[in-house]
Amino acid sequence: MLSVSVFRSAAAMSVRRTAALTAVTRRVYTTDKEEAPKETKEEPKVEVELSEEVKKMLAEKDKKISELQDAYLRCLADQENIRERSRKEISTTKEFAIQKFAKDLLDTVDILNMALTAVPNELREKNTVSELAKDAEKVFDQLTNLYTGVSMTESELVRALQRHGVERENPEGDAFDPNKHQALFQAPMPGKEAGTIFAVQKMGYTLKGRVLRPAQVGVVAESQ
């Protein structure tokens with residue numbers, strides 16, 4: 001009959017063998033699992049075919065976008081044109097702001113010119129006084145001074161107008177232009193071409209090249 005110690009020794013040895021076998025089995029399983037190549041799954045490419053209705057909708061959308069872009073560019077161009085016109089209108093308004101003021105002064109210049117014209121040529125300078133008028137030398141001196149003063153006043157007014165862009169025009173001898181001249185009368189003049197201005201009642205004035213007042217003139221008529 002076997003002793004108890006022998007039985008215990010055999011049992012212990014059997015347990016150790018079982019444990020060692022189990023450990024080896026685990027290592028082998030783990031290694032195989034780690035070395036196993038990973039399988040990658042490729043996602044299948046799905047090609048969606050658009051229906052005719054969807055294609056039509058996309059085409060309409062592209063057309064609408066193109067129309068909106070064109071309308072936007074046109075709007076920008078219109079705004080730029082409006083700004084340009086506004087700048088021109090402002091500039092024109094500034095240039096012709098004194099038009100009414102300048103026109104009111106023209107009558108004053110005309111009156112001064114009429115006063116100058118009323119003094120005879122022989123009385124406009126002291127050295128032209130005739131022998132018959134020596135007894136009235138004092139009167140002639142006064143007339144001369146009057147003419148000189150009025151002439152200086154007229155010249156200063158004309159220069160003031162010129163500083164603001166107002167120019168005076170004497171069209172005597174020029175061809176009649178209905179855009180710049182106003183014919184008051186016509187008369188045949190031998191030796192002069194018909195349509196020529198031979199007399200100027202009131203001179204013409206322009207503001208920045210624009211007619212402020214046409215010259216009032218007499219025109220040579222055709223000979224009959």
# chains A, B, ... in the order shown; residues from 1 in each chain; ligands from 1

$ residues_around --residues "segment 176-188 of chain A" --least-positions-apart "3" --cutoff "8 Å" --atoms "only C-alpha atoms" --output "list in words"
Ala194, Gly195, Thr196, Ile197, Gly204, Val211, Arg213, Pro214, Ala215, Gln216, Val217, Gly218, Val219, Val220, Ala221, Glu222 and Ser223 of chain A

$ atom_distance --atom1 "atom CA of Asp141 of chain A" --atom2 "atom CA of Glu125 of chain A"
8.5 Å

$ residues_around --residues "segment 150-163 of chain A" --least-positions-apart "6" --cutoff "8 Å" --atoms "only C-alpha atoms" --output "PyMOL selection string"
chain A and resi 102+109+112-113+115-116

$ write_last_selection --atoms "N, CA, C and O atoms" --output "mmCIF file, in the first residue's frame"
data_model
loop_
_atom_site.group_PDB
_atom_site.id
_atom_site.type_symbol
_atom_site.label_atom_id
_atom_site.label_comp_id
_atom_site.auth_asym_id
_atom_site.auth_seq_id
_atom_site.Cartn_x
_atom_site.Cartn_y
_atom_site.Cartn_z
ATOM 1 N N ALA A 102 -24.437 137.670 -62.119
ATOM 2 C CA ALA A 102 -23.725 138.271 -63.247
ATOM 3 C C ALA A 102 -24.690 138.906 -64.230
ATOM 4 O O ALA A 102 -24.424 139.995 -64.763
ATOM 5 N N VAL A 109 -23.485 147.690 -66.428
ATOM 6 C CA VAL A 109 -22.395 147.918 -67.375
ATOM 7 C C VAL A 109 -22.921 148.621 -68.620
ATOM 8 O O VAL A 109 -22.264 149.522 -69.174
ATOM 9 N N LEU A 112 -23.419 152.351 -67.943
ATOM 10 C CA LEU A 112 -22.136 153.054 -67.942
ATOM 11 C C LEU A 112 -21.625 153.246 -69.367
ATOM 12 O O LEU A 112 -21.074 154.302 -69.721
ATOM 13 N N ASN A 113 -21.812 152.212 -70.180
ATOM 14 C CA ASN A 113 -21.364 152.325 -71.566
ATOM 15 C C ASN A 113 -22.139 153.392 -72.328
ATOM 16 O O ASN A 113 -21.584 154.139 -73.141
ATOM 17 N N ALA A 115 -23.449 156.055 -70.963
ATOM 18 C CA ALA A 115 -22.964 157.344 -70.478
ATOM 19 C C ALA A 115 -21.660 157.729 -71.160
ATOM 20 O O ALA A 115 -21.438 158.900 -71.520
ATOM 21 N N LEU A 116 -20.800 156.750 -71.371
ATOM 22 C CA LEU A 116 -19.543 157.027 -72.065
ATOM 23 C C LEU A 116 -19.786 157.426 -73.511
ATOM 24 O O LEU A 116 -19.147 158.334 -74.051
#

$ atom_distance --atom1 "atom CA of Met189 of chain A" --atom2 "atom CA of Thr117 of chain A"
23.2 Å

$ closest_residue --among "A:Val200, A:Glu49, A:Thr148, A:Leu143" --to "Asn170 of chain A" --atoms "only C-alpha atoms"
A:Val200

$ select_by_dssp --residues "segment 74-190 of chain A" --states "strand (DSSP E)" --output "list in words"
Val166, Glu167, Arg168, Glu169, His181, Gln182, Ala183, Leu184, Phe185, Gln186, Ala187 and Pro188 of chain A

$ select_by_dssp --residues "segment 70-184 of chain A" --states "helix (DSSP H, G or I)" --output "PyMOL selection string"
chain A and resi 70-95+99-118+121-123+126-128+131-163

$ residues_around --residues "Phe101 of chain A" --least-positions-apart "4" --cutoff "12 Å" --atoms "only C-alpha atoms" --output "PDB file with N, CA, C and O atoms, in the first residue's frame"
ATOM      1  N   PHE A  96     -21.700 127.745 -62.450  1.00  0.00           N
ATOM      2  CA  PHE A  96     -22.738 128.680 -62.901  1.00  0.00           C
ATOM      3  C   PHE A  96     -23.592 129.211 -61.751  1.00  0.00           C
ATOM      4  O   PHE A  96     -24.708 129.671 -61.963  1.00  0.00           O
ATOM      5  N   ALA A  97     -23.055 129.142 -60.523  1.00  0.00           N
ATOM      6  CA  ALA A  97     -23.826 129.606 -59.371  1.00  0.00           C
ATOM      7  C   ALA A  97     -24.058 131.113 -59.405  1.00  0.00           C
ATOM      8  O   ALA A  97     -25.045 131.617 -58.860  1.00  0.00           O
ATOM      9  N   LEU A 105     -25.795 142.336 -63.219  1.00  0.00           N
ATOM     10  CA  LEU A 105     -24.789 143.388 -63.360  1.00  0.00           C
ATOM     11  C   LEU A 105     -24.665 143.891 -64.784  1.00  0.00           C
ATOM     12  O   LEU A 105     -24.116 144.974 -65.015  1.00  0.00           O
ATOM     13  N   LEU A 106     -25.145 143.125 -65.732  1.00  0.00           N
ATOM     14  CA  LEU A 106     -24.949 143.513 -67.125  1.00  0.00           C
ATOM     15  C   LEU A 106     -25.647 144.829 -67.457  1.00  0.00           C
ATOM     16  O   LEU A 106     -25.115 145.649 -68.214  1.00  0.00           O
ATOM     17  N   ASP A 107     -26.815 145.029 -66.902  1.00  0.00           N
ATOM     18  CA  ASP A 107     -27.525 146.283 -67.164  1.00  0.00           C
ATOM     19  C   ASP A 107     -26.734 147.486 -66.647  1.00  0.00           C
ATOM     20  O   ASP A 107     -26.728 148.559 -67.264  1.00  0.00           O
ATOM     21  N   THR A 108     -26.084 147.302 -65.504  1.00  0.00           N
ATOM     22  CA  THR A 108     -25.266 148.390 -64.955  1.00  0.00           C
ATOM     23  C   THR A 108     -24.123 148.728 -65.899  1.00  0.00           C
ATOM     24  O   THR A 108     -23.815 149.906 -66.152  1.00  0.00           O
ATOM     25  N   LEU A 161     -16.180 140.908 -63.614  1.00  0.00           N
ATOM     26  CA  LEU A 161     -16.945 139.838 -64.264  1.00  0.00           C
ATOM     27  C   LEU A 161     -16.009 138.796 -64.871  1.00  0.00           C
ATOM     28  O   LEU A 161     -16.273 137.590 -64.798  1.00  0.00           O
ATOM     29  N   HIS A 164     -14.777 136.078 -62.666  1.00  0.00           N
ATOM     30  CA  HIS A 164     -15.770 135.028 -62.387  1.00  0.00           C
ATOM     31  C   HIS A 164     -16.191 134.279 -63.653  1.00  0.00           C
ATOM     32  O   HIS A 164     -17.196 133.579 -63.653  1.00  0.00           O
ATOM     33  N   VAL A 166     -17.005 135.579 -66.684  1.00  0.00           N
ATOM     34  CA  VAL A 166     -17.907 136.282 -67.596  1.00  0.00           C
ATOM     35  C   VAL A 166     -17.074 137.085 -68.586  1.00  0.00           C
ATOM     36  O   VAL A 166     -16.253 137.918 -68.193  1.00  0.00           O
ATOM     37  N   LEU A 207     -20.732 133.076 -70.050  1.00  0.00           N
ATOM     38  CA  LEU A 207     -20.274 132.597 -68.745  1.00  0.00           C
ATOM     39  C   LEU A 207     -19.741 131.189 -68.921  1.00  0.00           C
ATOM     40  O   LEU A 207     -20.481 130.267 -69.234  1.00  0.00           O
ATOM     41  N   LEU A 212     -24.603 133.972 -71.848  1.00  0.00           N
ATOM     42  CA  LEU A 212     -25.329 134.567 -70.735  1.00  0.00           C
ATOM     43  C   LEU A 212     -26.370 135.552 -71.239  1.00  0.00           C
ATOM     44  O   LEU A 212     -27.494 135.610 -70.729  1.00  0.00           O
TER      45      LEU A 212
END

$ atom_distance --atom1 "atom CA of Lys55 of chain A" --atom2 "atom CA of Gln69 of chain A"
21.2 Å

$ decode --residues "segment 133-163 of chain A" --atoms "N, CA, C and O atoms" --output "short mmCIF file (atom, residue, chain, number, x, y, z; two decimals), in the first residue's frame"
data_model
loop_
_atom_site.label_atom_id
_atom_site.label_comp_id
_atom_site.auth_asym_id
_atom_site.auth_seq_id
_atom_site.Cartn_x
_atom_site.Cartn_y
_atom_site.Cartn_z
N ALA A 133 -14.08 176.11 -78.42
CA ALA A 133 -14.61 175.70 -77.13
C ALA A 133 -13.71 176.14 -75.98
O ALA A 133 -13.92 175.72 -74.85
N LYS A 134 -12.72 177.02 -76.23
CA LYS A 134 -11.80 177.40 -75.16
C LYS A 134 -12.48 178.20 -74.07
O LYS A 134 -12.07 178.14 -72.91
N ASP A 135 -13.51 178.96 -74.45
CA ASP A 135 -14.21 179.74 -73.43
C ASP A 135 -14.94 178.84 -72.45
O ASP A 135 -15.22 179.24 -71.32
N ALA A 136 -15.26 177.66 -72.89
CA ALA A 136 -15.97 176.72 -72.02
C ALA A 136 -15.01 175.63 -71.52
O ALA A 136 -15.39 174.48 -71.35
N GLU A 137 -13.77 176.04 -71.27
CA GLU A 137 -12.75 175.06 -70.87
C GLU A 137 -13.13 174.37 -69.56
O GLU A 137 -12.87 173.17 -69.39
N LYS A 138 -13.73 175.10 -68.67
CA LYS A 138 -14.12 174.49 -67.39
C LYS A 138 -15.14 173.38 -67.60
O LYS A 138 -15.07 172.32 -66.98
N VAL A 139 -16.10 173.64 -68.50
CA VAL A 139 -17.12 172.62 -68.78
C VAL A 139 -16.49 171.38 -69.40
O VAL A 139 -16.81 170.24 -69.06
N PHE A 140 -15.57 171.63 -70.30
CA PHE A 140 -14.91 170.50 -70.96
C PHE A 140 -14.08 169.70 -69.96
O PHE A 140 -13.99 168.47 -70.05
N ASP A 141 -13.47 170.40 -69.02
CA ASP A 141 -12.71 169.68 -67.99
C ASP A 141 -13.62 168.76 -67.19
O ASP A 141 -13.27 167.61 -66.87
N GLN A 142 -14.79 169.25 -66.86
CA GLN A 142 -15.74 168.44 -66.09
C GLN A 142 -16.21 167.22 -66.90
O GLN A 142 -16.32 166.11 -66.38
N LEU A 143 -16.48 167.48 -68.19
CA LEU A 143 -16.91 166.36 -69.04
C LEU A 143 -15.80 165.32 -69.19
O LEU A 143 -16.04 164.11 -69.19
N THR A 144 -14.57 165.83 -69.30
CA THR A 144 -13.44 164.91 -69.44
C THR A 144 -13.28 164.06 -68.18
O THR A 144 -13.06 162.84 -68.24
N ASN A 145 -13.38 164.72 -67.03
CA ASN A 145 -13.27 163.98 -65.78
C ASN A 145 -14.41 162.97 -65.62
O ASN A 145 -14.21 161.85 -65.12
N LEU A 146 -15.60 163.39 -66.05
CA LEU A 146 -16.75 162.48 -66.00
C LEU A 146 -16.50 161.24 -66.85
O LEU A 146 -16.72 160.11 -66.42
N TYR A 147 -16.04 161.50 -68.06
CA TYR A 147 -15.80 160.37 -68.97
C TYR A 147 -14.71 159.45 -68.40
O TYR A 147 -14.84 158.22 -68.43
N THR A 148 -13.67 160.02 -67.87
CA THR A 148 -12.57 159.21 -67.32
C THR A 148 -13.06 158.35 -66.15
O THR A 148 -12.75 157.16 -66.06
N GLY A 149 -13.84 158.97 -65.25
CA GLY A 149 -14.34 158.22 -64.09
C GLY A 149 -15.28 157.09 -64.48
O GLY A 149 -15.18 155.96 -63.97
N VAL A 150 -16.20 157.40 -65.40
CA VAL A 150 -17.16 156.37 -65.83
C VAL A 150 -16.42 155.25 -66.58
O VAL A 150 -16.73 154.06 -66.42
N SER A 151 -15.45 155.63 -67.38
CA SER A 151 -14.67 154.64 -68.12
C SER A 151 -13.92 153.71 -67.18
O SER A 151 -13.88 152.48 -67.37
N MET A 152 -13.35 154.26 -66.12
CA MET A 152 -12.64 153.43 -65.15
C MET A 152 -13.60 152.51 -64.41
O MET A 152 -13.29 151.35 -64.14
N THR A 153 -14.80 153.05 -64.10
CA THR A 153 -15.81 152.22 -63.43
C THR A 153 -16.23 151.05 -64.31
O THR A 153 -16.35 149.90 -63.85
N GLU A 154 -16.47 151.35 -65.58
CA GLU A 154 -16.86 150.29 -66.51
C GLU A 154 -15.77 149.24 -66.63
O GLU A 154 -16.03 148.02 -66.60
N SER A 155 -14.53 149.67 -66.75
CA SER A 155 -13.41 148.73 -66.89
C SER A 155 -13.27 147.84 -65.67
O SER A 155 -13.02 146.63 -65.78
N GLU A 156 -13.46 148.43 -64.49
CA GLU A 156 -13.35 147.64 -63.26
C GLU A 156 -14.47 146.61 -63.17
O GLU A 156 -14.25 145.46 -62.74
N LEU A 157 -15.68 147.02 -63.57
CA LEU A 157 -16.80 146.06 -63.56
C LEU A 157 -16.55 144.90 -64.53
O LEU A 157 -16.80 143.74 -64.21
N VAL A 158 -16.04 145.25 -65.70
CA VAL A 158 -15.76 144.20 -66.69
C VAL A 158 -14.68 143.26 -66.17
O VAL A 158 -14.79 142.03 -66.32
N ARG A 159 -13.65 143.78 -65.53
CA ARG A 159 -12.60 142.92 -64.98
C ARG A 159 -13.15 142.04 -63.85
O ARG A 159 -12.76 140.87 -63.72
N ALA A 160 -14.05 142.60 -63.03
CA ALA A 160 -14.65 141.80 -61.96
C ALA A 160 -15.46 140.64 -62.53
O ALA A 160 -15.42 139.52 -62.02
N LEU A 161 -16.18 140.91 -63.61
CA LEU A 161 -16.95 139.84 -64.26
C LEU A 161 -16.01 138.80 -64.87
O LEU A 161 -16.27 137.59 -64.80
N GLN A 162 -14.91 139.25 -65.45
CA GLN A 162 -13.96 138.31 -66.05
C GLN A 162 -13.34 137.38 -65.01
O GLN A 162 -13.08 136.22 -65.29
N ARG A 163 -13.12 137.90 -63.80
CA ARG A 163 -12.57 137.06 -62.75
C ARG A 163 -13.51 135.91 -62.39
O ARG A 163 -13.07 134.89 -61.86
#
